$ cat query21.cif   # mmCIF, C-alpha atoms and all ligand atoms
data_input
loop_
_atom_site.label_atom_id
_atom_site.label_comp_id
_atom_site.auth_asym_id
_atom_site.auth_seq_id
_atom_site.Cartn_x
_atom_site.Cartn_y
_atom_site.Cartn_z
CA MET Z 1 93.17 79.85 119.22
CA ASN Z 2 95.22 82.98 118.65
CA GLU Z 3 97.47 82.07 115.75
CA HIS Z 4 99.43 84.97 114.32
CA ILE Z 5 99.17 85.71 110.59
CA LEU Z 6 101.26 88.34 108.84
CA LEU Z 7 99.58 89.81 105.76
CA VAL Z 8 102.00 91.47 103.36
CA ASN Z 9 101.70 93.84 100.45
CA PRO Z 10 105.29 93.61 99.19
CA TRP Z 11 107.58 96.19 97.55
CA ILE Z 12 107.27 97.05 93.89
CA TYR Z 13 110.36 96.33 91.79
CA ASP Z 14 110.03 98.40 88.63
CA PHE Z 15 111.31 101.32 86.57
CA THR Z 16 108.48 103.47 87.83
CA ALA Z 17 105.68 103.35 90.42
CA TYR Z 18 103.27 105.91 91.81
CA ASP Z 19 100.57 105.74 94.45
CA LEU Z 20 97.46 106.37 92.41
CA TRP Z 21 94.99 105.35 95.12
CA MET Z 22 96.67 101.96 95.49
CA LYS Z 23 95.62 99.83 98.42
CA PRO Z 24 95.60 96.00 98.69
CA LEU Z 25 91.81 95.82 99.03
CA GLY Z 26 91.49 92.03 98.76
CA LEU Z 27 94.08 91.59 101.48
CA LEU Z 28 92.19 94.01 103.73
CA TYR Z 29 88.96 92.02 103.33
CA LEU Z 30 90.88 88.86 104.14
CA ALA Z 31 92.34 90.57 107.21
CA SER Z 32 88.84 91.34 108.51
CA HIS Z 33 87.63 87.78 107.97
CA LEU Z 34 90.69 86.33 109.70
CA LYS Z 35 90.34 88.74 112.62
CA ASN Z 36 86.67 87.85 112.97
CA SER Z 37 87.65 84.17 113.01
CA GLY Z 38 89.90 84.73 116.01
CA TYR Z 39 93.34 85.01 114.39
CA LYS Z 40 95.85 87.63 115.40
CA VAL Z 41 96.48 89.62 112.23
CA THR Z 42 99.37 91.97 111.45
CA LEU Z 43 99.52 93.97 108.23
CA LEU Z 44 102.77 95.03 106.64
CA ASP Z 45 102.03 97.17 103.62
CA CYS Z 46 105.46 97.91 102.14
CA MET Z 47 103.78 100.51 99.92
CA ASP Z 48 102.30 102.52 102.81
CA ARG Z 49 103.62 106.05 102.23
CA HIS Z 50 102.69 107.02 105.76
CA TYR Z 51 104.63 104.24 107.41
CA PRO Z 52 106.58 105.75 110.38
CA PHE Z 53 110.13 106.79 109.44
CA MET Z 54 109.40 106.51 105.73
CA PRO Z 55 111.98 108.69 103.93
CA LEU Z 56 110.72 111.36 101.55
CA PRO Z 57 110.53 110.43 97.86
CA ASP Z 58 113.09 112.00 95.51
CA HIS Z 59 110.35 113.96 93.70
CA PRO Z 60 106.91 114.99 94.94
CA GLY Z 61 104.94 114.12 91.76
CA PRO Z 62 102.09 116.09 90.19
CA LYS Z 63 100.53 118.71 92.48
CA ARG Z 64 96.94 118.01 91.54
CA LEU Z 65 97.23 114.32 92.31
CA LYS Z 66 99.00 115.07 95.57
CA SER Z 67 96.09 117.27 96.61
CA VAL Z 68 93.68 114.35 96.20
CA GLY Z 69 95.59 111.79 98.24
CA CYS Z 70 98.06 110.36 95.72
CA GLY Z 71 101.83 110.63 95.87
CA SER Z 72 105.26 109.37 94.90
CA TYR Z 73 106.81 106.41 96.64
CA TYR Z 74 110.21 106.42 98.26
CA ARG Z 75 112.58 104.28 96.21
CA GLU Z 76 115.92 102.56 96.57
CA LYS Z 77 117.78 102.35 93.28
CA ILE Z 78 119.10 98.83 92.87
CA PRO Z 79 120.96 96.99 90.07
CA LYS Z 80 118.84 96.21 87.06
CA PRO Z 81 117.98 92.59 86.24
CA ALA Z 82 120.41 91.31 83.59
CA GLN Z 83 117.53 91.10 81.09
CA PHE Z 84 117.08 94.88 81.24
CA LEU Z 85 120.68 96.11 80.99
CA SER Z 86 120.00 97.68 77.60
CA ILE Z 87 117.10 99.78 78.91
CA PRO Z 88 118.28 103.33 79.78
CA ARG Z 89 116.16 103.69 82.92
CA TYR Z 90 116.82 103.21 86.64
CA TRP Z 91 115.51 100.08 88.32
CA SER Z 92 114.25 100.51 91.87
CA ARG Z 93 112.65 98.86 94.83
CA PHE Z 94 109.74 101.15 95.75
CA GLY Z 95 108.30 101.30 99.24
CA ILE Z 96 109.55 101.02 102.82
CA PRO Z 97 113.37 100.72 102.88
CA TRP Z 98 114.62 97.15 103.03
CA ASP Z 99 116.47 97.58 106.36
CA GLU Z 100 113.42 99.15 107.97
CA VAL Z 101 111.23 96.19 106.93
CA LYS Z 102 113.80 93.77 108.31
CA LYS Z 103 113.94 95.70 111.58
CA GLN Z 104 110.16 95.77 111.81
CA LEU Z 105 109.91 92.01 111.24
CA LYS Z 106 112.48 91.30 113.94
CA GLU Z 107 110.33 93.19 116.41
CA ILE Z 108 107.07 91.33 115.83
CA GLU Z 109 105.99 88.02 117.25
CA PRO Z 110 107.01 85.32 114.72
CA PRO Z 111 103.89 84.47 112.72
CA GLY Z 112 102.71 80.96 111.95
CA TRP Z 113 101.71 82.08 108.48
CA VAL Z 114 102.70 84.84 106.08
CA PHE Z 115 100.38 85.68 103.18
CA ILE Z 116 102.00 87.73 100.41
CA THR Z 117 99.73 89.36 97.87
CA GLY Z 118 100.70 90.96 94.56
CA THR Z 119 99.25 93.09 91.80
CA MET Z 120 101.08 92.95 88.47
CA THR Z 121 102.57 89.62 87.33
CA TYR Z 122 105.92 91.33 86.70
CA TRP Z 123 106.13 92.59 90.28
CA TYR Z 124 106.85 89.04 91.46
CA PRO Z 125 110.43 89.96 92.55
CA GLY Z 126 108.83 91.75 95.52
CA GLN Z 127 106.92 88.61 96.52
CA VAL Z 128 110.00 86.42 96.13
CA ALA Z 129 112.24 88.88 98.05
CA PHE Z 130 109.76 88.83 100.91
CA LEU Z 131 109.66 85.04 100.91
CA ASN Z 132 113.47 84.96 101.21
CA LEU Z 133 113.38 87.43 104.07
CA VAL Z 134 110.84 85.29 105.92
CA ARG Z 135 113.00 82.21 105.38
CA GLN Z 136 116.03 84.04 106.84
CA LEU Z 137 114.12 85.17 109.92
CA TRP Z 138 111.66 82.42 110.74
CA GLY Z 139 112.45 78.92 109.49
CA LYS Z 140 109.13 77.33 110.42
CA THR Z 141 106.73 79.97 109.13
CA GLN Z 142 104.46 78.86 106.30
CA VAL Z 143 104.41 81.28 103.35
CA ILE Z 144 101.44 81.65 101.00
CA ILE Z 145 101.51 83.64 97.76
CA GLY Z 146 98.44 85.08 96.00
CA GLY Z 147 97.55 87.68 93.38
CA TRP Z 148 97.91 87.93 89.61
CA TYR Z 149 101.41 86.41 89.39
CA PRO Z 150 100.55 82.92 90.69
CA THR Z 151 97.20 83.14 88.89
CA LEU Z 152 98.56 83.89 85.42
CA CYS Z 153 102.07 82.43 85.76
CA SER Z 154 101.46 79.51 88.09
CA GLU Z 155 104.24 77.31 86.67
CA HIS Z 156 106.79 80.09 87.09
CA ALA Z 157 105.61 80.75 90.64
CA HIS Z 158 106.21 77.13 91.66
CA GLN Z 159 110.00 77.42 91.42
CA TRP Z 160 110.53 79.59 94.53
CA GLY Z 161 109.46 77.27 97.30
CA PHE Z 162 106.30 78.96 98.59
CA ASP Z 163 104.45 76.59 100.91
CA ARG Z 164 101.15 77.28 99.22
CA ILE Z 165 100.24 78.93 95.93
CA ILE Z 166 96.81 80.49 95.58
CA GLU Z 167 95.64 80.60 91.99
CA GLY Z 168 92.74 82.92 91.26
CA ILE Z 169 91.66 86.49 91.72
CA ASP Z 170 88.01 85.84 92.39
CA PRO Z 171 87.67 86.23 96.19
CA LEU Z 172 85.58 83.08 96.51
CA LEU Z 173 88.24 81.02 94.77
CA VAL Z 174 90.89 82.48 97.07
CA ILE Z 175 88.81 81.77 100.18
CA LYS Z 176 88.10 78.22 99.02
CA GLN Z 177 91.81 77.45 98.68
CA LEU Z 178 92.66 79.11 102.00
CA SER Z 179 89.88 77.20 103.78
CA SER Z 180 91.91 73.99 103.83
CA ASP Z 181 94.35 75.66 106.27
CA PHE Z 182 92.00 78.21 107.81
CA LYS Z 183 88.84 76.15 108.34
CA GLU Z 184 86.89 79.07 109.81
CA LEU Z 185 86.86 80.72 106.35
CA SER Z 186 84.84 77.85 104.88
CA THR Z 187 81.60 79.53 105.99
CA ILE Z 188 82.19 82.17 103.29
CA THR Z 189 80.52 80.54 100.33
CA GLY Z 190 79.14 83.55 98.44
CA TYR Z 191 80.10 87.13 97.56
CA LYS Z 192 77.42 88.28 99.95
CA GLU Z 193 79.29 86.79 102.92
CA PHE Z 194 82.66 87.91 101.59
CA PHE Z 195 81.55 91.55 101.39
CA SER Z 196 79.60 91.43 104.65
CA VAL Z 197 82.65 92.78 106.53
CA LYS Z 198 84.45 96.10 106.13
CA PRO Z 199 87.98 96.02 104.73
CA ALA Z 200 90.48 96.42 107.58
CA PHE Z 201 91.64 99.98 106.89
CA ASP Z 202 91.94 100.28 110.67
CA LEU Z 203 95.28 98.44 110.33
CA TYR Z 204 96.81 101.65 108.89
CA LYS Z 205 98.05 104.41 111.18
CA LYS Z 206 97.21 107.15 108.69
CA LEU Z 207 95.15 107.23 105.51
CA ASP Z 208 94.84 109.86 102.78
CA TYR Z 209 92.08 107.94 101.03
CA THR Z 210 90.23 104.66 101.02
CA VAL Z 211 89.04 102.53 98.12
CA VAL Z 212 85.80 100.71 97.48
CA LEU Z 213 84.62 97.94 95.18
CA THR Z 214 80.94 97.76 94.26
CA SER Z 215 81.03 94.86 91.80
CA ILE Z 216 82.98 91.81 90.72
CA GLY Z 217 83.90 91.12 87.09
CA CYS Z 218 83.35 92.74 83.72
CA PRO Z 219 80.92 91.71 80.98
CA PHE Z 220 83.47 92.41 78.22
CA ARG Z 221 86.39 90.31 77.04
CA CYS Z 222 88.81 92.80 75.54
CA THR Z 223 91.63 90.97 73.81
CA TYR Z 224 94.36 92.75 75.81
CA CYS Z 225 92.78 92.55 79.28
CA ALA Z 226 92.80 89.75 81.85
CA SER Z 227 90.30 91.28 84.29
CA GLY Z 228 86.99 89.99 83.02
CA ARG Z 229 88.27 86.48 82.33
CA TYR Z 230 89.00 85.49 85.91
CA PHE Z 231 85.61 85.90 87.55
CA SER Z 232 82.93 83.28 87.10
CA GLU Z 233 80.13 85.84 86.87
CA PHE Z 234 79.35 89.54 87.14
CA TRP Z 235 78.07 90.37 90.59
CA ARG Z 236 77.01 93.61 92.25
CA ARG Z 237 76.96 94.49 95.92
CA PRO Z 238 73.73 95.98 97.28
CA TRP Z 239 74.11 99.76 97.07
CA GLU Z 240 73.03 100.21 100.70
CA GLN Z 241 76.03 98.17 101.84
CA VAL Z 242 78.40 100.26 99.68
CA LEU Z 243 76.92 103.49 101.02
CA ASP Z 244 77.36 102.21 104.56
CA GLU Z 245 81.03 101.44 103.83
CA ILE Z 246 81.67 104.87 102.31
CA THR Z 247 80.00 106.59 105.27
CA TYR Z 248 81.97 104.42 107.69
CA ASP Z 249 85.27 105.31 106.00
CA TYR Z 250 84.42 109.00 106.11
CA GLU Z 251 83.39 108.94 109.76
CA ASN Z 252 86.16 106.69 111.05
CA TYR Z 253 89.17 107.63 108.95
CA ARG Z 254 88.28 111.26 108.18
CA ILE Z 255 89.33 110.81 104.58
CA GLN Z 256 88.45 113.30 101.87
CA ASP Z 257 89.17 111.10 98.88
CA LEU Z 258 87.82 107.75 97.86
CA ALA Z 259 88.53 105.69 94.74
CA PHE Z 260 86.31 103.09 93.10
CA TYR Z 261 88.12 99.93 91.99
CA ASP Z 262 85.39 98.46 89.78
CA ASP Z 263 86.14 97.21 86.29
CA ALA Z 264 82.57 97.87 85.18
CA LEU Z 265 81.15 100.47 87.56
CA LEU Z 266 78.39 101.64 85.22
CA TYR Z 267 77.26 98.25 83.92
CA ARG Z 268 73.66 97.61 85.00
CA ALA Z 269 73.90 100.95 86.84
CA GLU Z 270 70.18 101.03 87.61
CA GLU Z 271 70.61 98.02 89.95
CA SER Z 272 73.18 99.60 92.18
CA PHE Z 273 75.36 102.49 91.07
CA LEU Z 274 72.48 104.79 90.15
CA PRO Z 275 70.69 104.35 93.51
CA LEU Z 276 74.07 104.75 95.22
CA LEU Z 277 74.63 108.07 93.43
CA LYS Z 278 71.17 109.28 94.42
CA ALA Z 279 71.84 108.35 98.04
CA LEU Z 280 75.25 110.05 97.97
CA GLN Z 281 73.59 113.16 96.55
CA LYS Z 282 71.26 113.22 99.56
CA GLU Z 283 73.99 112.45 102.11
CA ARG Z 284 76.23 115.27 100.86
CA LEU Z 285 79.38 113.82 102.41
CA PRO Z 286 82.31 116.18 101.80
CA LEU Z 287 84.19 113.60 99.72
CA ARG Z 288 85.91 113.62 96.34
CA PHE Z 289 85.51 110.46 94.30
CA HIS Z 290 87.99 109.11 91.79
CA LEU Z 291 87.83 106.47 89.09
CA PRO Z 292 91.38 105.25 88.44
CA ASN Z 293 89.99 102.39 86.34
CA SER Z 294 88.35 103.98 83.38
CA ILE Z 295 84.59 103.79 82.90
CA HIS Z 296 82.56 102.39 80.02
CA ALA Z 297 81.36 105.18 77.73
CA ARG Z 298 78.61 102.79 76.60
CA TYR Z 299 76.70 103.11 79.89
CA VAL Z 300 77.05 106.84 80.50
CA THR Z 301 73.71 108.64 80.53
CA ARG Z 302 72.93 112.30 81.13
CA GLU Z 303 71.42 111.37 84.51
CA ILE Z 304 74.52 109.46 85.61
CA ALA Z 305 76.84 112.25 84.43
CA GLU Z 306 74.83 114.89 86.30
CA LEU Z 307 74.70 112.88 89.50
CA MET Z 308 78.44 112.21 89.28
CA ARG Z 309 79.06 115.92 88.94
CA GLU Z 310 76.83 116.73 91.89
CA CYS Z 311 78.44 114.05 94.03
CA ASN Z 312 81.92 115.36 93.32
CA PHE Z 313 83.40 112.69 91.07
CA GLU Z 314 86.64 114.46 90.25
CA THR Z 315 88.88 112.05 88.39
CA LEU Z 316 87.11 110.65 85.38
CA ARG Z 317 88.87 108.42 82.92
CA ILE Z 318 87.18 107.20 79.81
CA SER Z 319 88.75 104.54 77.66
CA LEU Z 320 88.56 104.92 73.93
CA GLU Z 321 91.80 102.99 73.19
CA PHE Z 322 91.64 103.64 69.41
CA SER Z 323 89.48 105.74 67.11
CA ASP Z 324 89.75 103.20 64.29
CA VAL Z 325 86.51 101.23 63.88
CA ASP Z 326 88.17 97.92 62.99
CA SER Z 327 90.53 98.05 65.98
CA GLN Z 328 87.57 98.79 68.24
CA LYS Z 329 85.62 95.83 66.87
CA ASN Z 330 88.53 93.41 66.79
CA THR Z 331 89.55 94.02 70.38
CA GLY Z 332 86.19 93.44 72.04
CA ASN Z 333 83.79 96.15 70.90
CA LYS Z 334 83.51 97.89 74.26
CA VAL Z 335 83.09 101.28 72.63
CA ASP Z 336 82.68 103.00 69.28
CA ASN Z 337 83.10 106.64 68.32
CA PHE Z 338 79.38 107.39 68.34
CA ILE Z 339 78.96 105.98 71.86
CA PHE Z 340 82.11 107.75 73.00
CA GLU Z 341 81.00 111.17 71.69
CA LYS Z 342 77.59 110.73 73.27
CA ALA Z 343 79.19 110.00 76.65
CA ILE Z 344 81.48 113.01 76.36
CA GLN Z 345 78.50 115.19 75.50
CA SER Z 346 76.68 113.96 78.62
CA PHE Z 347 79.64 114.87 80.82
CA ILE Z 348 80.06 118.30 79.21
CA GLN Z 349 76.34 119.01 79.57
CA ALA Z 350 76.60 117.95 83.21
CA GLY Z 351 79.18 120.67 83.76
CA TYR Z 352 82.55 118.91 83.38
CA ALA Z 353 85.20 120.91 81.55
CA PRO Z 354 86.86 119.03 78.66
CA GLU Z 355 90.21 119.06 80.49
CA GLU Z 356 88.64 117.19 83.40
CA LEU Z 357 87.92 114.23 81.15
CA GLU Z 358 90.92 112.01 80.57
CA VAL Z 359 90.70 109.93 77.43
CA TYR Z 360 92.79 106.79 77.37
CA LEU Z 361 94.39 105.54 74.17
CA LEU Z 362 96.21 102.25 74.21
CA PHE Z 363 99.79 102.28 73.01
CA GLY Z 364 101.85 99.24 72.01
CA LEU Z 365 99.23 96.70 71.00
CA PRO Z 366 100.74 94.30 68.42
CA GLY Z 367 99.79 95.33 64.90
CA LEU Z 368 99.18 99.04 65.53
CA LYS Z 369 101.23 101.52 63.48
CA ALA Z 370 102.33 105.14 63.99
CA LYS Z 371 99.53 106.31 61.69
CA ASP Z 372 96.91 104.58 63.87
CA TYR Z 373 98.09 106.46 66.96
CA GLU Z 374 98.25 109.76 65.12
CA LEU Z 375 94.67 109.35 63.90
CA SER Z 376 93.44 108.49 67.39
CA ILE Z 377 95.23 111.48 68.94
CA GLU Z 378 93.84 113.79 66.27
CA TYR Z 379 90.35 112.45 66.79
CA VAL Z 380 90.49 113.10 70.54
CA THR Z 381 92.10 116.53 70.29
CA ASP Z 382 89.61 117.59 67.60
CA LEU Z 383 86.90 116.99 70.20
CA GLY Z 384 88.75 119.41 72.49
CA LEU Z 385 89.83 116.62 74.84
CA LYS Z 386 93.19 115.58 76.17
CA PRO Z 387 94.42 112.13 75.16
CA ARG Z 388 96.58 110.05 77.46
CA LEU Z 389 98.57 107.12 76.22
CA SER Z 390 98.38 104.04 78.39
CA LEU Z 391 101.03 101.41 77.81
CA PHE Z 392 100.09 97.92 76.72
CA SER Z 393 101.34 95.23 79.06
CA PRO Z 394 101.22 91.73 77.54
CA LEU Z 395 99.27 89.53 79.95
CA PRO Z 396 99.20 85.73 79.76
CA GLY Z 397 95.77 84.27 79.11
CA THR Z 398 94.76 87.10 76.79
CA PRO Z 399 94.57 86.77 72.98
CA ASP Z 400 96.96 89.71 72.48
CA PHE Z 401 99.63 88.03 74.59
CA GLU Z 402 99.76 85.28 71.98
CA LYS Z 403 100.40 87.87 69.26
CA VAL Z 404 103.53 89.21 70.95
CA ILE Z 405 106.48 87.84 69.03
CA MET Z 406 109.18 88.43 71.67
CA HIS Z 407 109.68 84.82 72.76
CA GLN Z 408 111.29 85.68 76.15
CA ILE Z 409 107.95 87.04 77.30
CA LYS Z 410 106.67 83.50 77.75
CA ASP Z 411 109.69 82.42 79.80
CA ASP Z 412 109.82 85.21 82.36
CA PRO Z 413 106.95 87.44 83.57
CA LEU Z 414 109.47 90.25 84.09
CA PHE Z 415 109.15 90.84 80.35
CA GLN Z 416 105.47 91.62 80.84
CA ASN Z 417 106.60 94.91 82.39
CA LYS Z 418 105.09 97.65 80.25
CA ILE Z 419 108.22 99.85 80.22
CA ALA Z 420 110.45 96.87 79.43
CA TYR Z 421 108.09 95.82 76.67
CA LEU Z 422 108.09 99.35 75.28
CA TYR Z 423 111.88 99.34 74.93
CA LEU Z 424 112.42 95.72 73.97
CA SER Z 425 109.78 95.92 71.25
CA GLU Z 426 111.59 99.09 70.06
CA GLN Z 427 108.55 101.32 70.28
CA ASN Z 428 110.01 103.78 72.80
CA GLU Z 429 111.00 106.42 70.25
CA LEU Z 430 107.56 106.46 68.68
CA TYR Z 431 105.99 106.65 72.13
CA GLU Z 432 108.17 109.60 73.14
CA ALA Z 433 107.43 111.42 69.87
CA LEU Z 434 103.69 110.98 70.44
CA GLN Z 435 104.01 112.17 74.03
CA ARG Z 436 105.74 115.33 72.79
CA LYS Z 437 102.95 115.87 70.32
CA ILE Z 438 100.32 115.52 73.04
CA SER Z 439 102.13 117.90 75.40
CA LYS Z 440 102.39 120.56 72.66
CA TYR Z 441 98.69 120.26 72.14
CA THR Z 442 98.07 120.77 75.86
CA PHE Z 443 100.37 123.79 75.87
CA PHE Z 444 98.43 125.60 73.15
CA HIS Z 445 94.98 124.96 74.61
S1 LIG Z 501 86.03 96.59 79.43
FE1 LIG Z 501 87.85 97.09 80.63
S2 LIG Z 501 87.90 95.69 82.38
FE2 LIG Z 501 86.43 94.89 80.87
S3 LIG Z 501 87.61 93.45 79.67
FE3 LIG Z 501 87.68 95.41 78.59
S4 LIG Z 501 89.52 96.45 79.33
FE4 LIG Z 501 89.08 94.75 80.74
#
$ encode --input "query21.cif" --output "structure tokens"
Amino acid sequence: MNEHILLVNPWIYDFTAYDLWMKPLGLLYLASHLKNSGYKVTLLDCMDRHYPFMPLPDHPGPKRLKSVGCGSYYREKIPKPAQFLSIPRYWSRFGIPWDEVKKQLKEIEPPGWVFITGTMTYWYPGQVAFLNLVRQLWGKTQVIIGGWYPTLCSEHAHQWGFDRIIEGIDPLLVIKQLSSDFKELSTITGYKEFFSVKPAFDLYKKLDYTVVLTSIGCPFRCTYCASGRYFSEFWRRPWEQVLDEITYDYENYRIQDLAFYDDALLYRAEESFLPLLKALQKERLPLRFHLPNSIHARYVTREIAELMRECNFETLRISLEFSDVDSQKNTGNKVDNFIFEKAIQSFIQAGYAPEELEVYLLFGLPGLKAKDYELSIEYVTDLGLKPRLSLFSPLPGTPDFEKVIMHQIKDDPLFQNKIAYLYLSEQNELYEALQRKISKYTFFH
């Protein structure tokens, strides 16, 4: 058996996109399992910035992020969807140019199967565009769609004619559904087996960074977040296995930067993350670590902060979301101001400068007013820290999605786009005013 499977990370269709340590990790694990089962696997990551002949992006993006492996994507400006005509921003297809992808596909052996993954629900136009391209080129190829879009918007996803729709983000659920067509995968019945292989980063020609996941799930159920709700349990990988993967990536891909993808990296840290930090401290690999998903202030201790500093954890994001006690309690109680200040103190005592700590405040949640944002910004800046506003994206299956009164949002996942939501809910002017306020603060400090 040598059946050919094409694994695809499709283009992003959006107003904005940036490579902040973004790799399709689940797809890369799947690639390894399929390869080990005897399939011929080809990866086409439309978001690979180092793809041969990739044109340069129209702007380089922030210098600091560029120096740690991140970067802007090339984009093709395309007509906006009719729903967004009133939004004064360009709409683009980010990633490898369309014609180049088409050319590439014509050169490969026609696959029996194409698996198209996806991240945000509102990026489904990339998955659908790829499906249409496959249909044009290879009539008999079976096309499977996975990721958040078919998981959260399954009914919507059924209209396009995919041959199989995988619902679920939990890797075991994905494997179970795939096993009916790929019988060899049915031996993977636990997380232990799923994570027993290394993600197939070897399918890339060049890498600036790799990413790693040490756990599955999150113990919290924040009212605006879908992450924790779609895993049956919280599960941690043995730290020795994670260390082995990090060492392997360093030795084989010669990367300098590595990002952790966990939703709850510090939860039950003594079982895995703490021993991993101690081992990394001994190994002294010349790596910089980054945490694009913010960490839980609740579980930060002085010991963890010091080890993170020693091990070169450079990008630290801590979510506060709001400084108001009621908002904190009503949205899931993941943090309060006392816990937050204690965590910040631990990081400062460990040697981090305040400007190295990025504090996330959530903007756009239904019910929040200008005053609430101002108080949160003041609270963070009074502590000498820099706030960053993260935009609320209404996600189906979360309590806050139900509070959004724009009815179109339920009909088309495109409206779950955070920039679209910002404009269509008429909060863009307030957002811009707050951004100006934050940048003035940064200027004077
Ligand atoms: S703590 Fe973070 S990952 Fe967990 S549910 Fe809340 S927002 Fe989501």
$ residues_around --input "query21.cif" --residues "range 351-356 of chain Z" --least-positions-apart "2" --cutoff "9 Å" --atoms "only C-alpha atoms" --output "number ranges by chain"
Z: 305-306, 309, 314-317, 344, 346-349, 358, 383-386
$ closest_residue --input "query21.cif" --among "Z:Asn9, Z:Asn132, Z:Gln345, Z:Thr223" --to "Asn330 in chain Z" --atoms "all atoms listed in the file"
Z:Thr223
$ closest_residue --input "query21.cif" --among "Z:Ile405, Z:Cys222, Z:Leu357, Z:Val300" --to "ligand LIG 501 (chain Z)" --atoms "all atoms listed in the file"
Z:Cys222
$ residues_near_ligand --input "query21.cif" --ligand "ligand LIG 501 (chain Z)" --cutoff "8 Å" --atoms "only C-alpha atoms and all ligand atoms" --output "PyMOL selection string"
chain Z and resi 217-229+263-264+294-296+332+334
$ atom_distance --input "query21.cif" --atom1 "CA of Leu320 in chain Z" --atom2 "CA of Pro387 in chain Z"
9.4 Å
$ residues_around --input "query21.cif" --residues "Val242 in chain Z" --least-positions-apart "6" --cutoff "9 Å" --atoms "only C-alpha atoms" --output "number ranges by chain"
Z: 212-214, 276
